[in-house]
Structure formats: structure tokens, C-alpha cells
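Colleague: So here's data.pdb, just PDB, C-alpha atoms, pLDDT in the B column:
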ATOM      1  CA  MET A 139       0.000   0.000   0.000  1.00 61.00           C
ATOM      2  CA  THR A 140       1.399   3.387  -1.007  1.00 78.00           C
ATOM      3  CA  LYS A 141       2.060   5.754   1.871  1.00 91.00           C
ATOM      4  CA  PRO A 142      -0.336   8.728   1.611  1.00 97.00           C
ATOM      5  CA  ARG A 143       0.749  12.347   1.590  1.00 97.00           C
ATOM      6  CA  VAL A 144      -0.166  14.290   4.725  1.00 98.00           C
ATOM      7  CA  LYS A 145      -1.697  17.769   4.768  1.00 98.00           C
ATOM      8  CA  ILE A 146      -1.788  19.547   8.110  1.00 98.00           C
ATOM      9  CA  CYS A 147      -4.588  22.088   8.196  1.00 97.00           C
ATOM     10  CA  CYS A 148      -5.423  25.130  10.353  1.00 96.00           C
ATOM     11  CA  ILE A 149      -1.809  26.347  10.286  1.00 98.00           C
ATOM     12  CA  SER A 150      -1.814  29.633  12.198  1.00 97.00           C
ATOM     13  CA  SER A 151       1.744  30.973  11.969  1.00 98.00           C
ATOM     14  CA  PRO A 152       5.136  30.529  10.280  1.00 98.00           C
ATOM     15  CA  ASP A 153       6.256  28.657  13.409  1.00 97.00           C
ATOM     16  CA  GLU A 154       3.401  26.131  13.102  1.00 98.00           C
ATOM     17  CA  ALA A 155       4.232  25.745   9.416  1.00 98.00           C
ATOM     18  CA  ARG A 156       7.838  24.949  10.297  1.00 98.00           C
ATOM     19  CA  ILE A 157       6.825  22.374  12.936  1.00 98.00           C
ATOM     20  CA  ALA A 158       4.415  20.633  10.557  1.00 98.00           C
ATOM     21  CA  ILE A 159       7.015  20.466   7.786  1.00 98.00           C
ATOM     22  CA  GLU A 160       9.736  19.190  10.135  1.00 97.00           C
ATOM     23  CA  HIS A 161       7.475  16.293  11.136  1.00 97.00           C
ATOM     24  CA  GLY A 162       6.731  15.319   7.531  1.00 97.00           C
ATOM     25  CA  ALA A 163       3.825  17.366   6.173  1.00 98.00           C
ATOM     26  CA  SER A 164       3.664  17.548   2.378  1.00 98.00           C
ATOM     27  CA  ALA A 165       1.064  20.334   2.389  1.00 98.00           C
ATOM     28  CA  LEU A 166      -0.315  23.006   4.699  1.00 98.00           C
ATOM     29  CA  GLY A 167      -3.905  24.210   4.964  1.00 98.00           C
ATOM     30  CA  LEU A 168      -4.421  27.943   5.516  1.00 98.00           C
ATOM     31  CA  VAL A 169      -7.994  28.801   6.500  1.00 97.00           C
ATOM     32  CA  GLY A 170      -9.633  31.985   5.269  1.00 97.00           C
ATOM     33  CA  HIS A 171     -12.932  33.388   6.521  1.00 95.00           C
ATOM     34  CA  MET A 172     -15.460  30.655   7.362  1.00 95.00           C
ATOM     35  CA  PRO A 173     -19.022  30.696   8.723  1.00 90.00           C
ATOM     36  CA  SER A 174     -17.911  28.273  11.476  1.00 89.00           C
ATOM     37  CA  GLY A 175     -15.042  26.053  12.530  1.00 88.00           C
ATOM     38  CA  PRO A 176     -11.456  26.462  13.747  1.00 91.00           C
ATOM     39  CA  GLY A 177      -8.235  27.778  12.321  1.00 94.00           C
ATOM     40  CA  VAL A 178      -9.307  31.001  10.602  1.00 96.00           C
ATOM     41  CA  ILE A 179      -6.458  33.457  10.048  1.00 98.00           C
ATOM     42  CA  SER A 180      -6.189  36.745   8.192  1.00 98.00           C
ATOM     43  CA  ASP A 181      -5.381  36.924   4.516  1.00 98.00           C
ATOM     44  CA  GLU A 182      -2.239  38.818   5.502  1.00 98.00           C
ATOM     45  CA  MET A 183      -1.082  35.876   7.618  1.00 98.00           C
ATOM     46  CA  ILE A 184      -1.959  33.390   4.862  1.00 98.00           C
ATOM     47  CA  SER A 185       0.150  35.396   2.425  1.00 98.00           C
ATOM     48  CA  LEU A 186       3.047  35.582   4.896  1.00 98.00           C
ATOM     49  CA  ILE A 187       3.053  31.833   5.533  1.00 98.00           C
ATOM     50  CA  ALA A 188       2.682  31.020   1.825  1.00 98.00           C
ATOM     51  CA  ARG A 189       5.711  33.167   0.970  1.00 97.00           C
ATOM     52  CA  ASP A 190       7.753  31.581   3.768  1.00 96.00           C
ATOM     53  CA  VAL A 191       7.089  27.913   2.921  1.00 97.00           C
ATOM     54  CA  PRO A 192       9.876  26.272   0.879  1.00 95.00           C
ATOM     55  CA  PRO A 193       9.234  24.159  -2.215  1.00 92.00           C
ATOM     56  CA  PRO A 194       8.098  21.436  -2.714  1.00 94.00           C
ATOM     57  CA  ILE A 195       5.616  21.936   0.152  1.00 98.00           C
ATOM     58  CA  SER A 196       2.147  22.874  -1.114  1.00 98.00           C
ATOM     59  CA  THR A 197       0.077  25.634   0.464  1.00 98.00           C
ATOM     60  CA  PHE A 198      -3.720  25.343   0.299  1.00 98.00           C
ATOM     61  CA  LEU A 199      -5.985  28.388   0.608  1.00 98.00           C
ATOM     62  CA  LEU A 200      -9.256  27.222   2.165  1.00 98.00           C
ATOM     63  CA  THR A 201     -11.863  29.602   0.804  1.00 98.00           C
ATOM     64  CA  SER A 202     -15.579  29.659   1.564  1.00 97.00           C
ATOM     65  CA  GLU A 203     -16.269  31.936  -1.406  1.00 97.00           C
ATOM     66  CA  THR A 204     -18.637  30.344  -3.898  1.00 97.00           C
ATOM     67  CA  ARG A 205     -18.540  32.744  -6.858  1.00 98.00           C
ATOM     68  CA  PRO A 206     -15.571  32.310  -9.212  1.00 98.00           C
ATOM     69  CA  GLN A 207     -14.769  36.023  -9.302  1.00 98.00           C
ATOM     70  CA  ASP A 208     -14.676  36.163  -5.491  1.00 98.00           C
ATOM     71  CA  ILE A 209     -12.411  33.109  -5.301  1.00 98.00           C
ATOM     72  CA  ILE A 210     -10.061  34.706  -7.818  1.00 98.00           C
ATOM     73  CA  ARG A 211      -9.907  37.911  -5.768  1.00 98.00           C
ATOM     74  CA  HIS A 212      -9.313  35.927  -2.589  1.00 98.00           C
ATOM     75  CA  TYR A 213      -6.498  33.949  -4.191  1.00 98.00           C
ATOM     76  CA  ARG A 214      -4.766  37.065  -5.510  1.00 98.00           C
ATOM     77  CA  ARG A 215      -4.529  38.442  -1.976  1.00 98.00           C
ATOM     78  CA  VAL A 216      -2.669  35.376  -0.698  1.00 98.00           C
ATOM     79  CA  GLN A 217      -0.846  33.634  -3.597  1.00 98.00           C
ATOM     80  CA  THR A 218      -0.872  30.022  -2.382  1.00 98.00           C
ATOM     81  CA  THR A 219      -0.007  27.095  -4.648  1.00 98.00           C
ATOM     82  CA  THR A 220      -3.485  25.562  -4.374  1.00 98.00           C
ATOM     83  CA  ILE A 221      -7.102  26.632  -3.831  1.00 98.00           C
ATOM     84  CA  GLN A 222      -9.296  24.394  -1.682  1.00 98.00           C
ATOM     85  CA  ILE A 223     -12.951  25.231  -2.379  1.00 98.00           C
ATOM     86  CA  VAL A 224     -14.870  24.164   0.722  1.00 96.00           C
ATOM     87  CA  ASP A 225     -18.403  24.915  -0.522  1.00 96.00           C
ATOM     88  CA  ALA A 226     -20.231  24.305  -3.800  1.00 96.00           C
ATOM     89  CA  LEU A 227     -18.879  26.440  -6.637  1.00 98.00           C
ATOM     90  CA  GLU A 228     -21.565  28.599  -8.233  1.00 97.00           C
ATOM     91  CA  LYS A 229     -22.690  27.036 -11.527  1.00 96.00           C
ATOM     92  CA  ARG A 230     -19.655  24.712 -11.251  1.00 97.00           C
ATOM     93  CA  ASP A 231     -17.784  27.294 -13.297  1.00 98.00           C
ATOM     94  CA  TYR A 232     -14.296  25.856 -12.900  1.00 98.00           C
ATOM     95  CA  ALA A 233     -13.459  27.068 -16.417  1.00 98.00           C
ATOM     96  CA  GLN A 234     -13.453  30.668 -15.198  1.00 98.00           C
ATOM     97  CA  LEU A 235     -10.996  29.786 -12.447  1.00 98.00           C
ATOM     98  CA  ARG A 236      -8.789  27.876 -14.890  1.00 98.00           C
ATOM     99  CA  GLN A 237      -8.745  30.783 -17.316  1.00 98.00           C
ATOM    100  CA  ALA A 238      -7.853  33.366 -14.678  1.00 98.00           C
ATOM    101  CA  LEU A 239      -5.446  31.188 -12.660  1.00 98.00           C
ATOM    102  CA  PRO A 240      -3.988  28.559 -15.018  1.00 97.00           C
ATOM    103  CA  HIS A 241      -1.004  27.846 -12.760  1.00 97.00           C
ATOM    104  CA  VAL A 242      -3.039  27.174  -9.603  1.00 98.00           C
ATOM    105  CA  LYS A 243      -4.224  23.713  -8.543  1.00 98.00           C
ATOM    106  CA  LEU A 244      -7.929  23.361  -7.716  1.00 98.00           C
ATOM    107  CA  VAL A 245      -9.176  21.028  -4.983  1.00 98.00           C
ATOM    108  CA  GLN A 246     -12.911  20.658  -4.431  1.00 98.00           C
ATOM    109  CA  VAL A 247     -14.207  19.591  -1.015  1.00 97.00           C
ATOM    110  CA  ILE A 248     -17.108  17.156  -0.946  1.00 97.00           C
ATOM    111  CA  HIS A 249     -18.819  16.798   2.416  1.00 96.00           C
ATOM    112  CA  VAL A 250     -19.710  13.117   2.613  1.00 96.00           C
ATOM    113  CA  ILE A 251     -23.302  12.819   3.815  1.00 95.00           C
ATOM    114  CA  ASP A 252     -25.063  10.214   1.665  1.00 95.00           C
ATOM    115  CA  ASP A 253     -25.158   8.645  -1.809  1.00 96.00           C
ATOM    116  CA  ASN A 254     -25.699  12.081  -3.358  1.00 96.00           C
ATOM    117  CA  SER A 255     -22.207  12.985  -2.158  1.00 97.00           C
ATOM    118  CA  VAL A 256     -20.806  10.104  -4.200  1.00 97.00           C
ATOM    119  CA  LYS A 257     -22.554  11.340  -7.341  1.00 98.00           C
ATOM    120  CA  GLU A 258     -21.415  14.904  -6.718  1.00 97.00           C
ATOM    121  CA  ALA A 259     -17.793  13.839  -6.329  1.00 98.00           C
ATOM    122  CA  ILE A 260     -17.859  11.782  -9.502  1.00 98.00           C
ATOM    123  CA  ASP A 261     -19.531  14.558 -11.503  1.00 98.00           C
ATOM    124  CA  ILE A 262     -17.034  17.203 -10.396  1.00 98.00           C
ATOM    125  CA  SER A 263     -13.847  15.131 -10.429  1.00 98.00           C
ATOM    126  CA  GLY A 264     -13.111  15.690 -14.094  1.00 97.00           C
ATOM    127  CA  GLN A 265     -12.958  19.457 -13.613  1.00 98.00           C
ATOM    128  CA  VAL A 266     -10.501  19.705 -10.713  1.00 98.00           C
ATOM    129  CA  ASP A 267      -7.026  18.512  -9.774  1.00 98.00           C
ATOM    130  CA  ALA A 268      -8.147  16.621  -6.676  1.00 98.00           C
ATOM    131  CA  ILE A 269     -11.174  15.842  -4.517  1.00 98.00           C
ATOM    132  CA  LEU A 270     -11.046  16.220  -0.732  1.00 98.00           C
ATOM    133  CA  LEU A 271     -13.634  14.358   1.323  1.00 98.00           C
ATOM    134  CA  ASP A 272     -14.643  15.947   4.625  1.00 96.00           C
ATOM    135  CA  SER A 273     -17.332  15.643   7.293  1.00 93.00           C
ATOM    136  CA  GLY A 274     -19.041  19.029   7.233  1.00 88.00           C
ATOM    137  CA  ASN A 275     -22.632  19.850   6.393  1.00 89.00           C
ATOM    138  CA  PRO A 276     -23.224  22.836   4.085  1.00 88.00           C
ATOM    139  CA  ASN A 277     -26.998  22.334   4.388  1.00 84.00           C
ATOM    140  CA  LEU A 278     -27.214  23.656   7.957  1.00 89.00           C
ATOM    141  CA  SER A 279     -28.410  27.206   8.710  1.00 88.00           C
ATOM    142  CA  VAL A 280     -24.833  27.957   9.810  1.00 90.00           C
ATOM    143  CA  LYS A 281     -22.777  25.979   7.336  1.00 90.00           C
ATOM    144  CA  GLU A 282     -20.200  23.481   8.541  1.00 86.00           C
ATOM    145  CA  LEU A 283     -17.437  23.547   5.943  1.00 88.00           C
ATOM    146  CA  GLY A 284     -14.700  21.655   7.747  1.00 88.00           C
ATOM    147  CA  GLY A 285     -12.902  21.330  11.054  1.00 84.00           C
ATOM    148  CA  THR A 286     -15.702  19.344  12.686  1.00 87.00           C
ATOM    149  CA  GLY A 287     -13.472  16.677  14.225  1.00 86.00           C
ATOM    150  CA  ARG A 288     -15.986  14.047  13.071  1.00 93.00           C
ATOM    151  CA  THR A 289     -15.417  11.049  10.865  1.00 95.00           C
ATOM    152  CA  HIS A 290     -17.871  10.147   8.115  1.00 96.00           C
ATOM    153  CA  ASN A 291     -18.858   6.962   6.302  1.00 97.00           C
ATOM    154  CA  TRP A 292     -15.573   5.656   4.903  1.00 98.00           C
ATOM    155  CA  GLU A 293     -17.445   3.101   2.793  1.00 98.00           C
ATOM    156  CA  LEU A 294     -18.816   6.023   0.755  1.00 98.00           C
ATOM    157  CA  SER A 295     -15.332   7.532   0.635  1.00 98.00           C
ATOM    158  CA  SER A 296     -13.931   4.274  -0.696  1.00 98.00           C
ATOM    159  CA  GLU A 297     -16.648   4.147  -3.343  1.00 98.00           C
ATOM    160  CA  ILE A 298     -15.727   7.649  -4.459  1.00 98.00           C
ATOM    161  CA  ARG A 299     -12.022   6.843  -4.580  1.00 98.00           C
ATOM    162  CA  LYS A 300     -12.678   3.822  -6.797  1.00 97.00           C
ATOM    163  CA  SER A 301     -14.883   5.882  -9.135  1.00 98.00           C
ATOM    164  CA  ILE A 302     -12.667   8.882  -9.880  1.00 98.00           C
ATOM    165  CA  SER A 303      -9.350   9.264 -11.671  1.00 98.00           C
ATOM    166  CA  VAL A 304      -7.958  12.308  -9.832  1.00 98.00           C
ATOM    167  CA  PRO A 305      -6.170  12.160  -6.460  1.00 98.00           C
ATOM    168  CA  LEU A 306      -8.362  11.935  -3.377  1.00 98.00           C
ATOM    169  CA  PHE A 307      -7.640  13.440   0.043  1.00 98.00           C
ATOM    170  CA  LEU A 308      -9.443  12.099   3.103  1.00 98.00           C
ATOM    171  CA  ALA A 309     -10.285  14.419   6.007  1.00 97.00           C
ATOM    172  CA  GLY A 310     -12.618  14.388   8.977  1.00 96.00           C
ATOM    173  CA  GLY A 311     -11.807  13.328  12.533  1.00 95.00           C
ATOM    174  CA  LEU A 312      -8.493  11.631  11.758  1.00 97.00           C
ATOM    175  CA  HIS A 313      -5.903  11.024  14.494  1.00 96.00           C
ATOM    176  CA  ALA A 314      -3.198   8.528  15.414  1.00 97.00           C
ATOM    177  CA  ASP A 315      -5.684   5.961  16.720  1.00 97.00           C
ATOM    178  CA  ASN A 316      -7.852   5.702  13.581  1.00 97.00           C
ATOM    179  CA  VAL A 317      -5.738   6.821  10.646  1.00 97.00           C
ATOM    180  CA  ARG A 318      -4.410   3.322   9.852  1.00 96.00           C
ATOM    181  CA  GLU A 319      -7.959   1.976   9.562  1.00 97.00           C
ATOM    182  CA  ALA A 320      -8.916   4.960   7.400  1.00 97.00           C
ATOM    183  CA  ILE A 321      -5.965   4.415   5.069  1.00 97.00           C
ATOM    184  CA  GLU A 322      -6.698   0.704   4.727  1.00 96.00           C
ATOM    185  CA  LYS A 323     -10.399   1.255   4.000  1.00 97.00           C
ATOM    186  CA  VAL A 324     -10.171   4.226   1.638  1.00 98.00           C
ATOM    187  CA  ARG A 325      -6.605   4.088   0.262  1.00 97.00           C
ATOM    188  CA  PRO A 326      -6.464   7.831  -0.357  1.00 98.00           C
ATOM    189  CA  PHE A 327      -3.723   9.728  -2.153  1.00 98.00           C
ATOM    190  CA  GLY A 328      -3.510  12.022   0.862  1.00 98.00           C
ATOM    191  CA  ILE A 329      -4.896  12.556   4.330  1.00 98.00           C
ATOM    192  CA  ASP A 330      -5.792  15.867   5.915  1.00 98.00           C
ATOM    193  CA  LEU A 331      -6.208  16.734   9.568  1.00 96.00           C
ATOM    194  CA  CYS A 332      -6.428  19.618  11.999  1.00 95.00           C
ATOM    195  CA  SER A 333      -7.676  18.867  15.525  1.00 93.00           C
ATOM    196  CA  GLY A 334      -6.121  15.384  15.606  1.00 96.00           C
ATOM    197  CA  VAL A 335      -2.620  16.832  16.090  1.00 97.00           C
ATOM    198  CA  ARG A 336      -3.525  19.738  18.368  1.00 96.00           C
ATOM    199  CA  THR A 337      -3.811  20.332  22.104  1.00 96.00           C
ATOM    200  CA  ASN A 338      -5.818  23.329  23.297  1.00 94.00           C
ATOM    201  CA  GLY A 339      -5.859  24.548  19.711  1.00 92.00           C
ATOM    202  CA  ASN A 340      -2.082  24.518  19.324  1.00 95.00           C
ATOM    203  CA  LEU A 341      -0.076  22.202  17.108  1.00 96.00           C
ATOM    204  CA  ASP A 342       1.315  19.473  19.364  1.00 97.00           C
ATOM    205  CA  PRO A 343       4.741  18.067  18.334  1.00 97.00           C
ATOM    206  CA  GLN A 344       4.171  14.847  20.297  1.00 97.00           C
ATOM    207  CA  LYS A 345       0.829  14.196  18.601  1.00 97.00           C
ATOM    208  CA  LEU A 346       2.446  14.969  15.235  1.00 98.00           C
ATOM    209  CA  LYS A 347       5.221  12.487  15.979  1.00 97.00           C
ATOM    210  CA  SER A 348       2.750   9.776  16.982  1.00 97.00           C
ATOM    211  CA  PHE A 349       0.583  10.425  13.939  1.00 97.00           C
ATOM    212  CA  PHE A 350       3.445  10.221  11.454  1.00 97.00           C
ATOM    213  CA  GLN A 351       4.792   7.086  13.128  1.00 97.00           C
ATOM    214  CA  VAL A 352       1.491   5.375  12.366  1.00 96.00           C
ATOM    215  CA  VAL A 353       1.271   6.725   8.808  1.00 96.00           C
ATOM    216  CA  ASN A 354       4.867   5.754   8.036  1.00 93.00           C
ATOM    217  CA  ALA A 355       4.670   2.300   9.634  1.00 88.00           C
TER     218      ALA A 355
END
Would it be possible to restate this file's structure as C-alpha cells?
Modeller:
Amino acid sequence: MTKPRVKICCISSPDEARIAIEHGASALGLVGHMPSGPGVISDEMISLIARDVPPPISTFLLTSETRPQDIIRHYRRVQTTTIQIVDALEKRDYAQLRQALPHVKLVQVIHVIDDNSVKEAIDISGQVDAILLDSGNPNLSVKELGGTGRTHNWELSSEIRKSISVPLFLAGGLHADNVREAIEKVRPFGIDLCSGVRTNGNLDPQKLKSFFQVVNA
């Protein structure tokens, strides 16, 4: 089984970025404005961290914007390597994003709720560079768009992974005690986590060490 890449999300400072990279992170998640959830930092801080991160580490802008023109404006303020769209893109107009930002990777989040999530992931997969499966719920009055700390139905995640041809990231409630089971069931290209390697909201080097020991075993 191929070892998955690891993306550490909710990075709050250049120091957290350094710690995550030193422990083995291949990518960092930088959270812009969200209706709920942890890890939100200013666009100025996102830009600072993105400039400071050495290649080949990827930097993901998590944006809750849903209109292509607003996503483009958000990206231009921060200049990450990748855009992670955490809500449904208006009219699924990925072509507008591609035209304006041809050098930027696009990752669409699918919040795995039911069989409709499987269909949505399959339908969208041909228009993006990767799919990221999470455990939010955009249908609530206050949208949950990530950072819930909950797992979801990995059987649905596995079905999605088998049905698409682009890389798949798995997120949602992952930590050292369940990540091996998640990897074996879903076999994702990458895994993504936030709260599972934090203590009192801060990145915890010991939890990072334990997590990577399991992933690398």
C-alpha cells in the first residue's frame, strides 16, 4: 500500500508551518474566513506563511467563497499554490478559475453525507485537480465547511475513490488511533487533519510524531 501524503490544516503561523514540515507534512492548509469552525487566520497571515514555505511543500488556501470572481480575488490576496474550495462552486464554473489562474491547482471539497455525495464527487472530479472528502454539512443554517473533528462513512469515501481518476484526500476526525484503519479502508492519495494533532488549539509536536509514526509504519 502506497504511503499517503499528509496535509496539516489550520496552520496559524510561520512557526506552526515549520513544525508541521519538520514532522513530515507535504502540504499546509491555511484557512480563510469561514461561517464556522477552527483555524481562521487573516489573509495577511496566509500570504506571509505562503511566501515563507519552501518548495516542494504545497500551500492550500481554504476559501468559503462560492462565486468564481470572489475566489479569484481571494487567491490574488494570498498567492498560495493551491485553492481548496470548501463549498459548492456557483454554476460549477471551474473554467473561469482555470482561465484566470492557469497555474493554480484546484481542490474541491465534498462533504460526505449520503449517496448524493458520491454522485457529486464523480460529476465534479473531471474538472478539478483533486477531490477532498470531509465531514461538514453545508446544508445547515450555519454551514459546517470543515474542522468538525468528526469522521464520516468511509465506505462512501472508498466508493468515491474507486470511481474517480484524480487524487483523493481524506479528512474528517483523523488522528493517530484511527488513521491506519482509514488508510486501509479508503486508500487515499492524501490525508488531511487539523484537531487530531492539536492540544488546546495549538499544534502538538508529540501528537504529530505519533501520527506520522502510524502513517509511516
Colleague: Between A:Pro152, A:Pro206, A:Pro240, A:Pro276, which residue has the minimum interatomic distance to A:Met172, considering all atoms listed in the file?
Modeller: A:Pro276
Colleague: Run the PyMOL selection byres ((chain A and resi 186) around 12) on the file and write out the hits as a ChimeraX atom specification.
Modeller: /A:149-153,155,168,179-185,187-191,197,215-218
Colleague: What would the file look like if the residues just selected were written as a compact mmCIF listing (two decimals), in the frame of the given file with C-alpha atoms?
Modeller:
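This went into out_19.txt:
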# COMPACT_ATOMS: atom_id res chain seq x y z
CA ILE A 149 -1.81 26.35 10.29
CA SER A 150 -1.81 29.63 12.20
CA SER A 151 1.74 30.97 11.97
CA PRO A 152 5.14 30.53 10.28
CA ASP A 153 6.26 28.66 13.41
CA ALA A 155 4.23 25.74 9.42
CA LEU A 168 -4.42 27.94 5.52
CA ILE A 179 -6.46 33.46 10.05
CA SER A 180 -6.19 36.74 8.19
CA ASP A 181 -5.38 36.92 4.52
CA GLU A 182 -2.24 38.82 5.50
CA MET A 183 -1.08 35.88 7.62
CA ILE A 184 -1.96 33.39 4.86
CA SER A 185 0.15 35.40 2.42
CA ILE A 187 3.05 31.83 5.53
CA ALA A 188 2.68 31.02 1.82
CA ARG A 189 5.71 33.17 0.97
CA ASP A 190 7.75 31.58 3.77
CA VAL A 191 7.09 27.91 2.92
CA THR A 197 0.08 25.63 0.46
CA ARG A 215 -4.53 38.44 -1.98
CA VAL A 216 -2.67 35.38 -0.70
CA GLN A 217 -0.85 33.63 -3.60
CA THR A 218 -0.87 30.02 -2.38
Colleague: Would you work out the distance separating atom CA of A:Leu283 from atom CA of A:Ile302, expressed in Å to one decimal?
Modeller: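 Computing it gives 22.1 Å between the two atoms.
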Colleague: What does the distance between atom CA of A:Cys332 and atom CA of A:Phe349 come to in Å, to one decimal place?
Modeller: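 Computed distance, atom CA of A:Cys332 to atom CA of A:Phe349, equals 11.7 Å.
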Colleague: What gap, in Å, lies between atom CA of A:Glu258 and atom CA of A:Gln246?
Modeller: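 Answer for the atom CA of A:Glu258 to atom CA of A:Gln246 separation: 10.5 Å.
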Colleague: Which one of A:Ile195, A:Leu200, A:Leu227, A:Val144 sits closest to A:Val169 if you count all atoms listed in the file?
Modeller: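 Going through A:Ile195, A:Leu200, A:Leu227, A:Val144 one by one, the smallest distance to A:Val169 is for A:Leu200.
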Colleague: Using all atoms listed in the file, find the one residue out of A:Ser174, A:Gln207, A:Asn277, A:Gln222 that sits nearest to A:Val242.
Modeller: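 Comparing A:Ser174, A:Gln207, A:Asn277, A:Gln222 against A:Val242, the winner is A:Gln222.
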Colleague: If the PyMOL selection byres ((chain A and resi 162) around 9) is run on the structure shown, which residues does it catch, given as a list of chain:residue names?
Modeller: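 Expected selection for the PyMOL selection byres ((chain A and resi 162) around 9) here is A:Arg143, A:Val144, A:Ile157, A:Ala158, A:Ile159, A:Glu160, A:His161, A:Ala163, A:Ser164, A:Leu346, A:Phe350.
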Colleague: Determine, counting only C-alpha atoms, which protein, DNA and RNA residues have an atom within 10 Å of an atom of A:Arg336; residues of the same chain fewer than 4 positions away are not included. Present the result as an MDAnalysis selection string.
Modeller: chainID A and resid 148 313 331:332 340:346
Colleague: Please write as a list in words the full residue list that the PyMOL selection byres ((chain A and resi 220) around 10) yields on this file.
Modeller: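 That selection, the PyMOL selection byres ((chain A and resi 220) around 10), comes back as Ala165, Leu166, Gly167, Ser196, Thr197, Phe198, Leu199, Leu200, Tyr213, Gln217, Thr218, Thr219, Ile221, Gln222, Ile223, His241, Val242, Lys243, Leu244, Val245 and Asp267 of chain A.
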Colleague: Can you work out which one of A:Lys347, A:His171, A:Lys257, A:Arg318 has the shortest atom-to-atom distance to A:His212, counting only C-alpha atoms?
Modeller: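 That would be A:His171, the residue with the smallest distance to A:His212.
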Colleague: If we count only C-alpha atoms and set the cut-off at 12 Å, which residues sit around A:Lys281, ignoring sequence neighbours fewer than 2 positions away in its own chain? Please answer as a list in words.
Modeller: Met172, Pro173, Ser174, Gly175, Ser202, Val224, Asp225, Ala226, His249, Ser273, Gly274, Asn275, Pro276, Asn277, Leu278, Ser279, Leu283, Gly284, Gly285 and Thr286 of chain A
Colleague: Let me make sure I understand: among A:Gly328, A:Gly264, A:Pro176, A:Pro193, which one has the smallest atom-to-atom distance to A:Gly287 if we use all atoms listed in the file?
Modeller: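 Closest to A:Gly287, using all atoms listed in the file: A:Pro176.
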Colleague: What's around stretch 319-323 of chain A at 9 Å? Count all atoms listed in the file, leave out sequence neighbours fewer than 3 positions away in its own chain, and write the answer as a compact mmCIF listing (two decimals) with C-alpha atoms, keeping the file's coordinate frame.
Modeller:
# COMPACT_ATOMS: atom_id res chain seq x y z
CA MET A 139 0.00 0.00 0.00
CA LYS A 141 2.06 5.75 1.87
CA PRO A 142 -0.34 8.73 1.61
CA TRP A 292 -15.57 5.66 4.90
CA GLU A 293 -17.44 3.10 2.79
CA SER A 295 -15.33 7.53 0.64
CA SER A 296 -13.93 4.27 -0.70
CA LEU A 308 -9.44 12.10 3.10
CA LEU A 312 -8.49 11.63 11.76
CA ASP A 315 -5.68 5.96 16.72
CA ASN A 316 -7.85 5.70 13.58
CA PRO A 326 -6.46 7.83 -0.36
CA ILE A 329 -4.90 12.56 4.33
CA VAL A 353 1.27 6.72 8.81
Colleague: Just give me the residues with any atom within 12 Å of (-16.4, 12.5, -6.7), file coordinates, counting all atoms listed in the file, written as a PyMOL selection string.
Modeller: chain A and resi 245-250+253-272+294-307
Colleague: Taking every listed atom of stretch 260-279 of chain A and adding 3 Å to each side, what centre and edge lengths in Å (one decimal) does the axis-aligned box have, as JSON?
Modeller:
{"center_x": -17.7, "center_y": 19.5, "center_z": -2.7, "size_x": 27.4, "size_y": 21.4, "size_z": 28.8}
Colleague: Can you rebuild stretch 242-258 of chain A with N, CA and C atoms and give it as a PDB file, in the coordinates of the input?
Modeller:
ATOM      1  N   VAL A 242      -2.629  27.514 -10.966  1.00 98.00           N
ATOM      2  CA  VAL A 242      -3.039  27.174  -9.603  1.00 98.00           C
ATOM      3  C   VAL A 242      -3.826  25.867  -9.609  1.00 98.00           C
ATOM      4  N   LYS A 243      -3.495  24.973  -8.679  1.00 98.00           N
ATOM      5  CA  LYS A 243      -4.224  23.713  -8.543  1.00 98.00           C
ATOM      6  C   LYS A 243      -5.560  23.961  -7.843  1.00 98.00           C
ATOM      7  N   LEU A 244      -6.589  23.231  -8.288  1.00 98.00           N
ATOM      8  CA  LEU A 244      -7.929  23.361  -7.716  1.00 98.00           C
ATOM      9  C   LEU A 244      -8.317  22.057  -7.021  1.00 98.00           C
ATOM     10  N   VAL A 245      -8.715  22.172  -5.759  1.00 98.00           N
ATOM     11  CA  VAL A 245      -9.176  21.028  -4.983  1.00 98.00           C
ATOM     12  C   VAL A 245     -10.589  21.330  -4.500  1.00 98.00           C
ATOM     13  N   GLN A 246     -11.528  20.464  -4.850  1.00 98.00           N
ATOM     14  CA  GLN A 246     -12.911  20.658  -4.431  1.00 98.00           C
ATOM     15  C   GLN A 246     -13.221  19.756  -3.236  1.00 98.00           C
ATOM     16  N   VAL A 247     -13.766  20.362  -2.183  1.00 97.00           N
ATOM     17  CA  VAL A 247     -14.207  19.591  -1.015  1.00 97.00           C
ATOM     18  C   VAL A 247     -15.611  19.055  -1.267  1.00 97.00           C
ATOM     19  N   ILE A 248     -15.790  17.790  -0.963  1.00 97.00           N
ATOM     20  CA  ILE A 248     -17.108  17.156  -0.946  1.00 97.00           C
ATOM     21  C   ILE A 248     -17.373  16.715   0.492  1.00 97.00           C
ATOM     22  N   HIS A 249     -18.455  17.199   1.064  1.00 96.00           N
ATOM     23  CA  HIS A 249     -18.819  16.798   2.416  1.00 96.00           C
ATOM     24  C   HIS A 249     -19.664  15.525   2.311  1.00 96.00           C
ATOM     25  N   VAL A 250     -19.119  14.438   2.818  1.00 96.00           N
ATOM     26  CA  VAL A 250     -19.710  13.117   2.613  1.00 96.00           C
ATOM     27  C   VAL A 250     -20.876  12.932   3.582  1.00 96.00           C
ATOM     28  N   ILE A 251     -22.088  12.935   3.017  1.00 95.00           N
ATOM     29  CA  ILE A 251     -23.302  12.819   3.815  1.00 95.00           C
ATOM     30  C   ILE A 251     -24.087  11.565   3.444  1.00 95.00           C
ATOM     31  N   ASP A 252     -24.245  11.346   2.126  1.00 95.00           N
ATOM     32  CA  ASP A 252     -25.063  10.214   1.665  1.00 95.00           C
ATOM     33  C   ASP A 252     -24.660   9.870   0.232  1.00 95.00           C
ATOM     34  N   ASP A 253     -25.475   9.066  -0.443  1.00 96.00           N
ATOM     35  CA  ASP A 253     -25.158   8.645  -1.809  1.00 96.00           C
ATOM     36  C   ASP A 253     -25.081   9.819  -2.779  1.00 96.00           C
ATOM     37  N   ASN A 254     -25.785  10.894  -2.496  1.00 96.00           N
ATOM     38  CA  ASN A 254     -25.699  12.081  -3.358  1.00 96.00           C
ATOM     39  C   ASN A 254     -24.286  12.663  -3.352  1.00 96.00           C
ATOM     40  N   SER A 255     -23.589  12.503  -2.238  1.00 97.00           N
ATOM     41  CA  SER A 255     -22.207  12.985  -2.158  1.00 97.00           C
ATOM     42  C   SER A 255     -21.310  12.219  -3.115  1.00 97.00           C
ATOM     43  N   VAL A 256     -21.582  10.928  -3.267  1.00 97.00           N
ATOM     44  CA  VAL A 256     -20.806  10.104  -4.200  1.00 97.00           C
ATOM     45  C   VAL A 256     -21.013  10.614  -5.624  1.00 97.00           C
ATOM     46  N   LYS A 257     -22.254  10.857  -5.995  1.00 98.00           N
ATOM     47  CA  LYS A 257     -22.554  11.340  -7.341  1.00 98.00           C
ATOM     48  C   LYS A 257     -21.915  12.703  -7.586  1.00 98.00           C
ATOM     49  N   GLU A 258     -22.000  13.572  -6.589  1.00 97.00           N
ATOM     50  CA  GLU A 258     -21.415  14.904  -6.718  1.00 97.00           C
ATOM     51  C   GLU A 258     -19.916  14.818  -6.947  1.00 97.00           C
TER      52      GLU A 258
END
